[in-house]
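File shown: data.tsv (TSV, C-alpha atoms).
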chain	number	residue	atom	x	y	z
C	10	MET	CA	-36.06	-53.69	27.58
C	11	ALA	CA	-39.41	-52.90	29.17
C	12	TYR	CA	-41.35	-54.11	26.14
C	13	ARG	CA	-42.56	-57.62	25.45
C	14	SER	CA	-41.14	-59.17	22.32
C	15	GLU	CA	-44.63	-60.04	20.99
C	16	GLN	CA	-45.68	-56.40	21.37
C	17	LEU	CA	-42.70	-55.35	19.24
C	18	ASP	CA	-43.57	-58.05	16.66
C	19	ASP	CA	-47.09	-56.63	16.38
C	20	ILE	CA	-45.98	-53.00	16.25
C	21	PHE	CA	-43.32	-53.57	13.58
C	22	LEU	CA	-45.79	-55.66	11.56
C	23	ALA	CA	-48.36	-52.86	11.82
C	24	LEU	CA	-45.77	-50.35	10.56
C	25	ALA	CA	-44.84	-52.59	7.58
C	26	ASP	CA	-47.70	-51.27	5.46
C	27	PRO	CA	-48.01	-47.94	3.61
C	28	THR	CA	-51.75	-47.54	4.34
C	29	ARG	CA	-51.24	-47.99	8.08
C	30	ARG	CA	-48.21	-45.65	8.11
C	31	SER	CA	-50.23	-43.07	6.19
C	32	VAL	CA	-53.10	-43.34	8.71
C	33	LEU	CA	-50.61	-42.80	11.56
C	34	GLY	CA	-49.21	-39.76	9.73
C	35	ARG	CA	-52.72	-38.32	9.37
C	36	LEU	CA	-53.54	-39.00	13.05
C	37	GLY	CA	-50.26	-37.36	14.04
C	38	ARG	CA	-51.89	-34.10	12.97
C	39	GLY	CA	-54.95	-34.73	15.16
C	40	PRO	CA	-57.88	-37.12	15.72
C	41	ALA	CA	-60.03	-38.08	12.72
C	42	SER	CA	-63.16	-40.10	12.02
C	43	ILE	CA	-62.83	-43.44	10.24
C	44	SER	CA	-64.67	-42.10	7.18
C	45	ASP	CA	-62.28	-39.11	6.95
C	46	LEU	CA	-59.30	-41.43	7.34
C	47	ALA	CA	-60.59	-43.85	4.68
C	48	GLU	CA	-61.34	-41.07	2.17
C	49	PRO	CA	-57.88	-40.85	0.45
C	50	PHE	CA	-57.70	-44.62	-0.06
C	51	ASP	CA	-59.22	-46.51	-2.96
C	52	MET	CA	-60.24	-49.34	-0.67
C	53	ALA	CA	-63.50	-50.99	0.45
C	54	LEU	CA	-64.44	-50.01	4.01
C	55	PRO	CA	-64.11	-53.59	5.41
C	56	SER	CA	-60.51	-53.74	4.11
C	57	PHE	CA	-59.76	-50.32	5.56
C	58	MET	CA	-61.30	-51.37	8.90
C	59	LYS	CA	-58.84	-54.29	9.07
C	60	HIS	CA	-56.00	-51.76	9.01
C	61	ILE	CA	-57.68	-49.69	11.74
C	62	ARG	CA	-58.28	-52.73	13.93
C	63	MET	CA	-54.68	-53.86	13.49
C	64	LEU	CA	-53.40	-50.42	14.52
C	65	GLU	CA	-55.80	-50.41	17.48
C	66	GLY	CA	-54.67	-53.92	18.48
C	67	THR	CA	-51.05	-52.77	18.77
C	68	GLY	CA	-52.01	-49.76	20.89
C	69	LEU	CA	-50.59	-47.32	18.29
C	70	ILE	CA	-54.07	-45.77	18.06
C	71	ARG	CA	-57.25	-45.89	20.10
C	72	THR	CA	-60.80	-45.34	18.86
C	73	GLU	CA	-63.76	-43.69	20.56
C	74	LYS	CA	-67.38	-43.93	19.43
C	75	GLN	CA	-69.58	-40.88	19.84
C	76	GLY	CA	-73.04	-41.55	18.44
C	77	ARG	CA	-72.56	-42.93	14.94
C	78	VAL	CA	-69.03	-41.60	14.47
C	79	ARG	CA	-65.94	-43.55	15.51
C	80	THR	CA	-62.94	-41.27	16.02
C	81	CYS	CA	-59.34	-42.46	15.91
C	82	ILE	CA	-56.65	-40.94	18.13
C	83	ILE	CA	-52.91	-41.58	17.99
C	84	GLU	CA	-51.27	-43.07	21.11
C	85	LYS	CA	-47.82	-41.49	20.98
C	86	GLN	CA	-46.52	-43.44	23.97
C	87	ALA	CA	-46.87	-46.73	22.03
C	88	PHE	CA	-44.12	-45.49	19.69
C	89	ALA	CA	-41.77	-45.65	22.68
C	90	ALA	CA	-41.53	-49.44	22.19
C	91	VAL	CA	-39.90	-48.86	18.79
C	92	GLU	CA	-37.79	-45.97	20.05
C	93	GLY	CA	-36.64	-48.07	23.02
C	94	TRP	CA	-35.60	-50.89	20.74
C	95	LEU	CA	-33.67	-48.51	18.47
C	96	ALA	CA	-32.00	-46.89	21.49
C	97	ALA	CA	-30.93	-50.35	22.69
C	98	GLN	CA	-29.33	-51.03	19.28
C	99	HIS	CA	-27.43	-47.73	19.47
C	100	ALA	CA	-26.28	-48.60	22.99
C	101	LEU	CA	-24.88	-51.90	21.66
C	102	TRP	CA	-23.09	-50.10	18.83
C	103	GLU	CA	-21.65	-47.50	21.18
C	104	GLY	CA	-20.70	-50.13	23.75
C	105	ARG	CA	-18.73	-51.85	21.06
C	106	THR	CA	-16.99	-48.61	20.09
C	107	ASP	CA	-16.14	-47.95	23.75
C	108	ARG	CA	-14.64	-51.43	24.10
C	109	LEU	CA	-12.70	-51.00	20.86
C	110	GLU	CA	-11.41	-47.67	22.16
C	111	ARG	CA	-10.29	-49.26	25.44
C	112	PHE	CA	-8.60	-52.07	23.49
C	113	VAL	CA	-6.73	-49.63	21.22
C	114	THR	CA	-5.74	-47.47	24.20
C	115	ALA	CA	-4.49	-50.56	26.07
C	116	MET	CA	-2.47	-51.64	23.01
C	117	LEU	CA	-0.93	-48.18	22.66
C	118	ASP	CA	-0.06	-48.12	26.40
C	119	LYS	CA	1.61	-51.52	26.02
C	120	GLU	CA	3.59	-50.32	23.00
C	121	ASN	CA	4.60	-47.03	24.62
C	122	PRO	CA	5.16	-47.72	28.33
C	123	GLU	CA	6.03	-44.59	30.30
D	30	MET	CA	-38.74	-38.56	3.27
D	31	ALA	CA	-35.72	-39.82	1.41
D	32	TYR	CA	-36.79	-43.45	1.75
D	33	ARG	CA	-38.96	-45.43	-0.59
D	34	SER	CA	-42.14	-46.72	0.97
D	35	GLU	CA	-41.40	-50.31	-0.15
D	36	GLN	CA	-38.01	-50.15	1.57
D	37	LEU	CA	-39.76	-49.17	4.82
D	38	ASP	CA	-42.29	-52.00	4.32
D	39	ASP	CA	-39.42	-54.50	4.01
D	40	ILE	CA	-37.43	-53.10	6.93
D	41	PHE	CA	-40.41	-53.00	9.33
D	42	LEU	CA	-41.38	-56.53	8.25
D	43	ALA	CA	-37.83	-57.73	8.88
D	44	LEU	CA	-37.94	-56.18	12.37
D	45	ALA	CA	-41.27	-57.88	13.19
D	46	ASP	CA	-39.59	-61.12	14.23
D	47	PRO	CA	-37.74	-61.93	17.47
D	48	THR	CA	-35.09	-64.11	15.76
D	49	ARG	CA	-34.20	-61.37	13.31
D	50	ARG	CA	-34.14	-58.71	16.03
D	51	SER	CA	-31.92	-60.96	18.13
D	52	VAL	CA	-29.51	-61.44	15.20
D	53	LEU	CA	-29.35	-57.65	14.75
D	54	GLY	CA	-28.64	-57.26	18.48
D	55	ARG	CA	-25.80	-59.78	18.24
D	56	LEU	CA	-24.36	-58.09	15.12
D	57	GLY	CA	-24.57	-54.74	16.88
D	58	ARG	CA	-21.71	-56.03	19.07
D	59	GLY	CA	-19.61	-56.94	16.01
D	60	PRO	CA	-19.50	-59.15	12.90
D	61	ALA	CA	-20.23	-62.87	13.31
D	62	SER	CA	-20.26	-65.99	11.18
D	63	ILE	CA	-23.59	-67.54	10.23
D	64	SER	CA	-22.84	-70.65	12.33
D	65	ASP	CA	-22.07	-68.50	15.41
D	66	LEU	CA	-25.24	-66.50	14.82
D	67	ALA	CA	-27.36	-69.64	14.41
D	68	GLU	CA	-25.95	-71.31	17.54
D	69	PRO	CA	-28.38	-69.89	20.17
D	70	PHE	CA	-31.45	-70.80	18.08
D	71	ASP	CA	-33.15	-74.18	18.08
D	72	MET	CA	-33.72	-73.96	14.33
D	73	ALA	CA	-32.68	-75.89	11.22
D	74	LEU	CA	-30.01	-74.05	9.22
D	75	PRO	CA	-32.22	-73.56	6.11
D	76	SER	CA	-34.85	-71.84	8.30
D	77	PHE	CA	-32.19	-69.68	9.92
D	78	MET	CA	-30.77	-68.79	6.49
D	79	LYS	CA	-34.19	-67.44	5.46
D	80	HIS	CA	-33.93	-64.92	8.30
D	81	ILE	CA	-30.39	-63.98	7.25
D	82	ARG	CA	-31.40	-63.54	3.62
D	83	MET	CA	-34.38	-61.42	4.62
D	84	LEU	CA	-32.17	-59.15	6.74
D	85	GLU	CA	-29.64	-58.96	3.90
D	86	GLY	CA	-32.42	-58.14	1.39
D	87	THR	CA	-33.47	-55.10	3.43
D	88	GLY	CA	-29.88	-53.82	3.68
D	89	LEU	CA	-29.94	-54.05	7.51
D	90	ILE	CA	-26.98	-56.45	7.26
D	91	ARG	CA	-24.47	-57.45	4.60
D	92	THR	CA	-22.62	-60.75	4.32
D	93	GLU	CA	-19.10	-61.49	3.14
D	94	LYS	CA	-17.74	-64.92	2.24
D	95	GLN	CA	-14.13	-65.68	3.10
D	96	GLY	CA	-13.27	-69.25	2.18
D	97	ARG	CA	-15.97	-71.46	3.68
D	98	VAL	CA	-17.12	-68.94	6.27
D	99	ARG	CA	-19.83	-66.37	5.58
D	100	THR	CA	-19.60	-63.42	7.95
D	101	CYS	CA	-22.53	-61.09	8.69
D	102	ILE	CA	-21.99	-57.38	9.36
D	103	ILE	CA	-24.58	-54.87	10.53
D	104	GLU	CA	-25.32	-51.90	8.25
D	105	LYS	CA	-26.12	-49.17	10.75
D	106	GLN	CA	-27.05	-46.61	8.09
D	107	ALA	CA	-30.05	-48.76	7.03
D	108	PHE	CA	-31.60	-48.07	10.44
D	109	ALA	CA	-31.81	-44.41	9.39
D	110	ALA	CA	-34.90	-45.28	7.31
D	111	VAL	CA	-36.76	-46.21	10.51
D	112	GLU	CA	-35.30	-43.29	12.45
D	113	GLY	CA	-36.26	-40.89	9.66
D	114	TRP	CA	-39.81	-42.16	9.67
D	115	LEU	CA	-40.06	-41.80	13.47
D	116	ALA	CA	-38.57	-38.29	13.27
D	117	ALA	CA	-41.20	-37.37	10.67
D	118	GLN	CA	-43.94	-38.56	13.04
D	119	HIS	CA	-42.52	-36.44	15.86
D	120	ALA	CA	-42.35	-33.45	13.52
D	121	LEU	CA	-46.06	-33.91	12.76
D	122	TRP	CA	-46.89	-34.11	16.47
D	123	GLU	CA	-44.82	-31.05	17.28
D	124	GLY	CA	-46.17	-29.13	14.30
D	125	ARG	CA	-49.62	-29.74	15.66
D	126	THR	CA	-48.63	-28.55	19.14
D	127	ASP	CA	-47.05	-25.41	17.65
D	128	ARG	CA	-50.23	-24.63	15.72
D	129	LEU	CA	-52.34	-25.29	18.81
D	130	GLU	CA	-50.05	-22.98	20.80
D	131	ARG	CA	-50.40	-20.21	18.18
D	132	PHE	CA	-54.18	-20.68	18.20
D	133	VAL	CA	-54.38	-20.48	22.01
D	134	THR	CA	-52.06	-17.43	22.08
D	135	ALA	CA	-54.17	-15.73	19.39
D	136	MET	CA	-57.35	-16.47	21.37
D	137	LEU	CA	-55.85	-15.05	24.57
D	138	ASP	CA	-54.65	-11.95	22.73
D	139	LYS	CA	-58.18	-11.47	21.37
D	140	GLU	CA	-59.72	-11.84	24.83
D	141	ASN	CA	-57.16	-9.59	26.50
D	142	PRO	CA	-56.35	-6.78	24.06
D	143	GLU	CA	-53.72	-4.38	25.40

Final structure tokens representation of the file:
Amino acid sequence: MAYRSEQLDDIFLALADPTRRSVLGRLGRGPASISDLAEPFDMALPSFMKHIRMLEGTGLIRTEKQGRVRTCIIEKQAFAAVEGWLAAQHALWEGRTDRLERFVTAMLDKENPE
Amino acid sequence: MAYRSEQLDDIFLALADPTRRSVLGRLGRGPASISDLAEPFDMALPSFMKHIRMLEGTGLIRTEKQGRVRTCIIEKQAFAAVEGWLAAQHALWEGRTDRLERFVTAMLDKENPE
């Protein structure tokens, strides 16, 4: 895999929280300011900022400051680390099926020689 | 989504660890006993068992005891919770692109009436 294990640790940990997943869902519809993002949550701003900084640290989002407003933007390519890991699992599963298929075919050939 | 948020919390948390991801990779190639699974790790068995129990608690694996040997088996369908969440994110991204496309098309139509 092209992704460092620690990067996957951080990304999966970031995704293991409903507030952070909800923020990613909102940003999936377009960039938003931190105050707009925080609005639906009954949470003090410093607590909310911890979530934002954790998402930013993983590369799942980036933030840009224009004047007094900090805008958050989703970084879709960072999701590829998770998708790559899942694809690798599927490849293992399918590899196993292929080998099982070859084994069964070999057994049948042995039982029914031409 | 058909998945409870707490289930996703637990699954993502379980995936945020290299030992647990490695165990899932091994089980993706077929069932294995706990002692076989533990073998590559320089870890006391009680510590390793915590990882196994965490994976089992999320439903990503199940275990079966036959005599003295406990065998671990991957539960591929549990990965659908993660895949469903990722698919929902993509749907949001694509929904946004579609709306942007409609907006741009509408603007062009306005600028260039037939």

Residues of chain D within 6 Å of chain C, counting all atoms listed in the file, what are they? List them as a ChimeraX atom specification. /D:38,41-42,45-46,57-58,121-122,125

Do you know which residues are at most 8 Å from C:Arg71 counting only C-alpha atoms, after dropping those on the same chain fewer than 5 positions away, and could you put them as a PyMOL selection string? chain C and resi 65+81-84

Least-squares superposed chain D, target chain C, every Cα, as a PDB file with C-alpha atoms, keeping the file's coordinate frame:
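Generated output (result_30.pdb):
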ATOM      1  CA  MET D  30     -36.183 -53.767  27.608  1.00  0.00           C
ATOM      2  CA  ALA D  31     -39.515 -53.001  29.183  1.00  0.00           C
ATOM      3  CA  TYR D  32     -41.444 -54.223  26.146  1.00  0.00           C
ATOM      4  CA  ARG D  33     -42.661 -57.708  25.452  1.00  0.00           C
ATOM      5  CA  SER D  34     -41.228 -59.252  22.326  1.00  0.00           C
ATOM      6  CA  GLU D  35     -44.714 -60.096  20.975  1.00  0.00           C
ATOM      7  CA  GLN D  36     -45.748 -56.455  21.359  1.00  0.00           C
ATOM      8  CA  LEU D  37     -42.746 -55.430  19.231  1.00  0.00           C
ATOM      9  CA  ASP D  38     -43.636 -58.127  16.664  1.00  0.00           C
ATOM     10  CA  ASP D  39     -47.159 -56.681  16.377  1.00  0.00           C
ATOM     11  CA  ILE D  40     -46.030 -53.054  16.248  1.00  0.00           C
ATOM     12  CA  PHE D  41     -43.347 -53.648  13.584  1.00  0.00           C
ATOM     13  CA  LEU D  42     -45.838 -55.709  11.555  1.00  0.00           C
ATOM     14  CA  ALA D  43     -48.399 -52.912  11.802  1.00  0.00           C
ATOM     15  CA  LEU D  44     -45.779 -50.423  10.560  1.00  0.00           C
ATOM     16  CA  ALA D  45     -44.866 -52.637   7.573  1.00  0.00           C
ATOM     17  CA  ASP D  46     -47.728 -51.313   5.461  1.00  0.00           C
ATOM     18  CA  PRO D  47     -48.007 -47.981   3.618  1.00  0.00           C
ATOM     19  CA  THR D  48     -51.748 -47.555   4.343  1.00  0.00           C
ATOM     20  CA  ARG D  49     -51.233 -48.010   8.062  1.00  0.00           C
ATOM     21  CA  ARG D  50     -48.210 -45.700   8.108  1.00  0.00           C
ATOM     22  CA  SER D  51     -50.210 -43.105   6.192  1.00  0.00           C
ATOM     23  CA  VAL D  52     -53.076 -43.346   8.712  1.00  0.00           C
ATOM     24  CA  LEU D  53     -50.577 -42.834  11.556  1.00  0.00           C
ATOM     25  CA  GLY D  54     -49.156 -39.798   9.730  1.00  0.00           C
ATOM     26  CA  ARG D  55     -52.648 -38.332   9.374  1.00  0.00           C
ATOM     27  CA  LEU D  56     -53.475 -39.013  13.051  1.00  0.00           C
ATOM     28  CA  GLY D  57     -50.193 -37.404  14.051  1.00  0.00           C
ATOM     29  CA  ARG D  58     -51.804 -34.107  12.968  1.00  0.00           C
ATOM     30  CA  GLY D  59     -54.867 -34.738  15.163  1.00  0.00           C
ATOM     31  CA  PRO D  60     -57.814 -37.097  15.730  1.00  0.00           C
ATOM     32  CA  ALA D  61     -59.966 -38.041  12.727  1.00  0.00           C
ATOM     33  CA  SER D  62     -63.100 -40.026  12.016  1.00  0.00           C
ATOM     34  CA  ILE D  63     -62.801 -43.372  10.252  1.00  0.00           C
ATOM     35  CA  SER D  64     -64.626 -42.012   7.176  1.00  0.00           C
ATOM     36  CA  ASP D  65     -62.217 -39.038   6.945  1.00  0.00           C
ATOM     37  CA  LEU D  66     -59.263 -41.385   7.353  1.00  0.00           C
ATOM     38  CA  ALA D  67     -60.567 -43.779   4.690  1.00  0.00           C
ATOM     39  CA  GLU D  68     -61.279 -40.998   2.174  1.00  0.00           C
ATOM     40  CA  PRO D  69     -57.838 -40.798   0.454  1.00  0.00           C
ATOM     41  CA  PHE D  70     -57.679 -44.584  -0.059  1.00  0.00           C
ATOM     42  CA  ASP D  71     -59.220 -46.445  -2.970  1.00  0.00           C
ATOM     43  CA  MET D  72     -60.280 -49.280  -0.674  1.00  0.00           C
ATOM     44  CA  ALA D  73     -63.530 -50.907   0.453  1.00  0.00           C
ATOM     45  CA  LEU D  74     -64.462 -49.925   4.014  1.00  0.00           C
ATOM     46  CA  PRO D  75     -64.167 -53.494   5.418  1.00  0.00           C
ATOM     47  CA  SER D  76     -60.577 -53.674   4.094  1.00  0.00           C
ATOM     48  CA  PHE D  77     -59.791 -50.270   5.562  1.00  0.00           C
ATOM     49  CA  MET D  78     -61.318 -51.314   8.901  1.00  0.00           C
ATOM     50  CA  LYS D  79     -58.883 -54.251   9.060  1.00  0.00           C
ATOM     51  CA  HIS D  80     -56.023 -51.741   9.019  1.00  0.00           C
ATOM     52  CA  ILE D  81     -57.700 -49.662  11.736  1.00  0.00           C
ATOM     53  CA  ARG D  82     -58.309 -52.702  13.923  1.00  0.00           C
ATOM     54  CA  MET D  83     -54.722 -53.845  13.477  1.00  0.00           C
ATOM     55  CA  LEU D  84     -53.405 -50.423  14.517  1.00  0.00           C
ATOM     56  CA  GLU D  85     -55.810 -50.394  17.470  1.00  0.00           C
ATOM     57  CA  GLY D  86     -54.717 -53.928  18.479  1.00  0.00           C
ATOM     58  CA  THR D  87     -51.087 -52.808  18.758  1.00  0.00           C
ATOM     59  CA  GLY D  88     -52.012 -49.779  20.894  1.00  0.00           C
ATOM     60  CA  LEU D  89     -50.582 -47.355  18.285  1.00  0.00           C
ATOM     61  CA  ILE D  90     -54.056 -45.786  18.063  1.00  0.00           C
ATOM     62  CA  ARG D  91     -57.246 -45.871  20.110  1.00  0.00           C
ATOM     63  CA  THR D  92     -60.784 -45.298  18.866  1.00  0.00           C
ATOM     64  CA  GLU D  93     -63.731 -43.625  20.553  1.00  0.00           C
ATOM     65  CA  LYS D  94     -67.349 -43.842  19.419  1.00  0.00           C
ATOM     66  CA  GLN D  95     -69.527 -40.770  19.833  1.00  0.00           C
ATOM     67  CA  GLY D  96     -72.982 -41.392  18.417  1.00  0.00           C
ATOM     68  CA  ARG D  97     -72.508 -42.791  14.918  1.00  0.00           C
ATOM     69  CA  VAL D  98     -68.979 -41.478  14.465  1.00  0.00           C
ATOM     70  CA  ARG D  99     -65.902 -43.450  15.497  1.00  0.00           C
ATOM     71  CA  THR D 100     -62.903 -41.191  16.025  1.00  0.00           C
ATOM     72  CA  CYS D 101     -59.296 -42.431  15.902  1.00  0.00           C
ATOM     73  CA  ILE D 102     -56.606 -40.921  18.136  1.00  0.00           C
ATOM     74  CA  ILE D 103     -52.877 -41.596  17.996  1.00  0.00           C
ATOM     75  CA  GLU D 104     -51.234 -43.092  21.098  1.00  0.00           C
ATOM     76  CA  LYS D 105     -47.779 -41.544  20.982  1.00  0.00           C
ATOM     77  CA  GLN D 106     -46.487 -43.503  23.980  1.00  0.00           C
ATOM     78  CA  ALA D 107     -46.852 -46.788  22.025  1.00  0.00           C
ATOM     79  CA  PHE D 108     -44.107 -45.564  19.686  1.00  0.00           C
ATOM     80  CA  ALA D 109     -41.746 -45.741  22.676  1.00  0.00           C
ATOM     81  CA  ALA D 110     -41.543 -49.527  22.175  1.00  0.00           C
ATOM     82  CA  VAL D 111     -39.898 -48.963  18.777  1.00  0.00           C
ATOM     83  CA  GLU D 112     -37.769 -46.090  20.056  1.00  0.00           C
ATOM     84  CA  GLY D 113     -36.630 -48.186  23.019  1.00  0.00           C
ATOM     85  CA  TRP D 114     -35.614 -51.013  20.741  1.00  0.00           C
ATOM     86  CA  LEU D 115     -33.661 -48.640  18.463  1.00  0.00           C
ATOM     87  CA  ALA D 116     -31.992 -47.041  21.502  1.00  0.00           C
ATOM     88  CA  ALA D 117     -30.944 -50.505  22.694  1.00  0.00           C
ATOM     89  CA  GLN D 118     -29.348 -51.177  19.298  1.00  0.00           C
ATOM     90  CA  HIS D 119     -27.422 -47.903  19.475  1.00  0.00           C
ATOM     91  CA  ALA D 120     -26.286 -48.767  22.997  1.00  0.00           C
ATOM     92  CA  LEU D 121     -24.905 -52.069  21.677  1.00  0.00           C
ATOM     93  CA  TRP D 122     -23.081 -50.283  18.852  1.00  0.00           C
ATOM     94  CA  GLU D 123     -21.645 -47.678  21.188  1.00  0.00           C
ATOM     95  CA  GLY D 124     -20.722 -50.271  23.798  1.00  0.00           C
ATOM     96  CA  ARG D 125     -18.726 -52.020  21.137  1.00  0.00           C
ATOM     97  CA  THR D 126     -16.975 -48.797  20.109  1.00  0.00           C
ATOM     98  CA  ASP D 127     -16.153 -48.044  23.761  1.00  0.00           C
ATOM     99  CA  ARG D 128     -14.633 -51.498  24.214  1.00  0.00           C
ATOM    100  CA  LEU D 129     -12.699 -51.140  20.963  1.00  0.00           C
ATOM    101  CA  GLU D 130     -11.450 -47.737  22.144  1.00  0.00           C
ATOM    102  CA  ARG D 131     -10.304 -49.207  25.489  1.00  0.00           C
ATOM    103  CA  PHE D 132      -8.573 -52.050  23.638  1.00  0.00           C
ATOM    104  CA  VAL D 133      -6.761 -49.664  21.268  1.00  0.00           C
ATOM    105  CA  THR D 134      -5.771 -47.362  24.169  1.00  0.00           C
ATOM    106  CA  ALA D 135      -4.475 -50.362  26.143  1.00  0.00           C
ATOM    107  CA  MET D 136      -2.468 -51.531  23.111  1.00  0.00           C
ATOM    108  CA  LEU D 137      -0.943 -48.076  22.619  1.00  0.00           C
ATOM    109  CA  ASP D 138      -0.085 -47.838  26.313  1.00  0.00           C
ATOM    110  CA  LYS D 139       1.640 -51.230  26.065  1.00  0.00           C
ATOM    111  CA  GLU D 140       3.625 -50.159  23.000  1.00  0.00           C
ATOM    112  CA  ASN D 141       4.553 -46.778  24.455  1.00  0.00           C
ATOM    113  CA  PRO D 142       5.167 -47.272  28.181  1.00  0.00           C
ATOM    114  CA  GLU D 143       6.031 -44.029  29.973  1.00  0.00           C
TER     115      GLU D 143
END

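The nearest approach to C:Gln75 among the residues C:Ser42, C:Gly93, C:Ala47, C:Arg29, with only C-alpha atoms taken into account, belongs to C:Ser42.
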
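The coordinates place atom CA of D:Glu68 at 18.1 Å from atom CA of D:Ile90.
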
Go ahead and compute the interatomic distance for atom CA of D:Met72 and atom CA of D:Ser51, in Å to one decimal. 13.7 Å

Filled-in all heavy atoms of stretch 41-47 of chain D, supplied as an mmCIF file, in the coordinates of the input:
data_model
loop_
_atom_site.group_PDB
_atom_site.id
_atom_site.type_symbol
_atom_site.label_atom_id
_atom_site.label_comp_id
_atom_site.auth_asym_id
_atom_site.auth_seq_id
_atom_site.Cartn_x
_atom_site.Cartn_y
_atom_site.Cartn_z
ATOM 1 N N PHE D 41 -39.515 -52.772 8.178
ATOM 2 C CA PHE D 41 -40.410 -53.000 9.330
ATOM 3 C C PHE D 41 -40.799 -54.489 9.407
ATOM 4 O O PHE D 41 -40.867 -55.054 10.499
ATOM 5 C CB PHE D 41 -41.648 -52.115 9.256
ATOM 6 C CG PHE D 41 -41.415 -50.698 9.740
ATOM 7 C CD1 PHE D 41 -41.752 -49.603 8.956
ATOM 8 C CD2 PHE D 41 -40.868 -50.450 10.995
ATOM 9 C CE1 PHE D 41 -41.540 -48.296 9.400
ATOM 10 C CE2 PHE D 41 -40.650 -49.157 11.450
ATOM 11 C CZ PHE D 41 -40.993 -48.073 10.648
ATOM 12 N N LEU D 42 -41.036 -55.111 8.245
ATOM 13 C CA LEU D 42 -41.380 -56.530 8.250
ATOM 14 C C LEU D 42 -40.218 -57.363 8.788
ATOM 15 O O LEU D 42 -40.420 -58.301 9.574
ATOM 16 C CB LEU D 42 -41.743 -56.977 6.821
ATOM 17 C CG LEU D 42 -42.465 -58.322 6.693
ATOM 18 C CD1 LEU D 42 -43.795 -58.310 7.442
ATOM 19 C CD2 LEU D 42 -42.705 -58.657 5.218
ATOM 20 N N ALA D 43 -39.009 -57.005 8.391
ATOM 21 C CA ALA D 43 -37.830 -57.730 8.880
ATOM 22 C C ALA D 43 -37.690 -57.586 10.404
ATOM 23 O O ALA D 43 -37.265 -58.522 11.085
ATOM 24 C CB ALA D 43 -36.567 -57.205 8.188
ATOM 25 N N LEU D 44 -38.077 -56.427 10.928
ATOM 26 C CA LEU D 44 -37.940 -56.180 12.370
ATOM 27 C C LEU D 44 -39.063 -56.841 13.183
ATOM 28 O O LEU D 44 -38.964 -56.922 14.413
ATOM 29 C CB LEU D 44 -37.910 -54.678 12.656
ATOM 30 C CG LEU D 44 -36.721 -53.903 12.050
ATOM 31 C CD1 LEU D 44 -36.830 -52.419 12.388
ATOM 32 C CD2 LEU D 44 -35.385 -54.465 12.535
ATOM 33 N N ALA D 45 -40.100 -57.322 12.498
ATOM 34 C CA ALA D 45 -41.270 -57.880 13.190
ATOM 35 C C ALA D 45 -41.073 -59.348 13.559
ATOM 36 O O ALA D 45 -42.017 -60.137 13.513
ATOM 37 C CB ALA D 45 -42.515 -57.706 12.303
ATOM 38 N N ASP D 46 -39.875 -59.722 13.898
ATOM 39 C CA ASP D 46 -39.590 -61.120 14.230
ATOM 40 C C ASP D 46 -38.483 -61.189 15.288
ATOM 41 O O ASP D 46 -37.425 -60.564 15.110
ATOM 42 C CB ASP D 46 -39.149 -61.854 12.950
ATOM 43 C CG ASP D 46 -38.798 -63.300 13.235
ATOM 44 O OD1 ASP D 46 -37.631 -63.567 13.591
ATOM 45 O OD2 ASP D 46 -39.685 -64.159 13.119
ATOM 46 N N PRO D 47 -38.714 -61.928 16.375
ATOM 47 C CA PRO D 47 -37.740 -61.930 17.470
ATOM 48 C C PRO D 47 -36.379 -62.529 17.086
ATOM 49 O O PRO D 47 -35.349 -62.079 17.596
ATOM 50 C CB PRO D 47 -38.415 -62.772 18.558
ATOM 51 C CG PRO D 47 -39.502 -63.531 17.875
ATOM 52 C CD PRO D 47 -39.907 -62.736 16.676
#
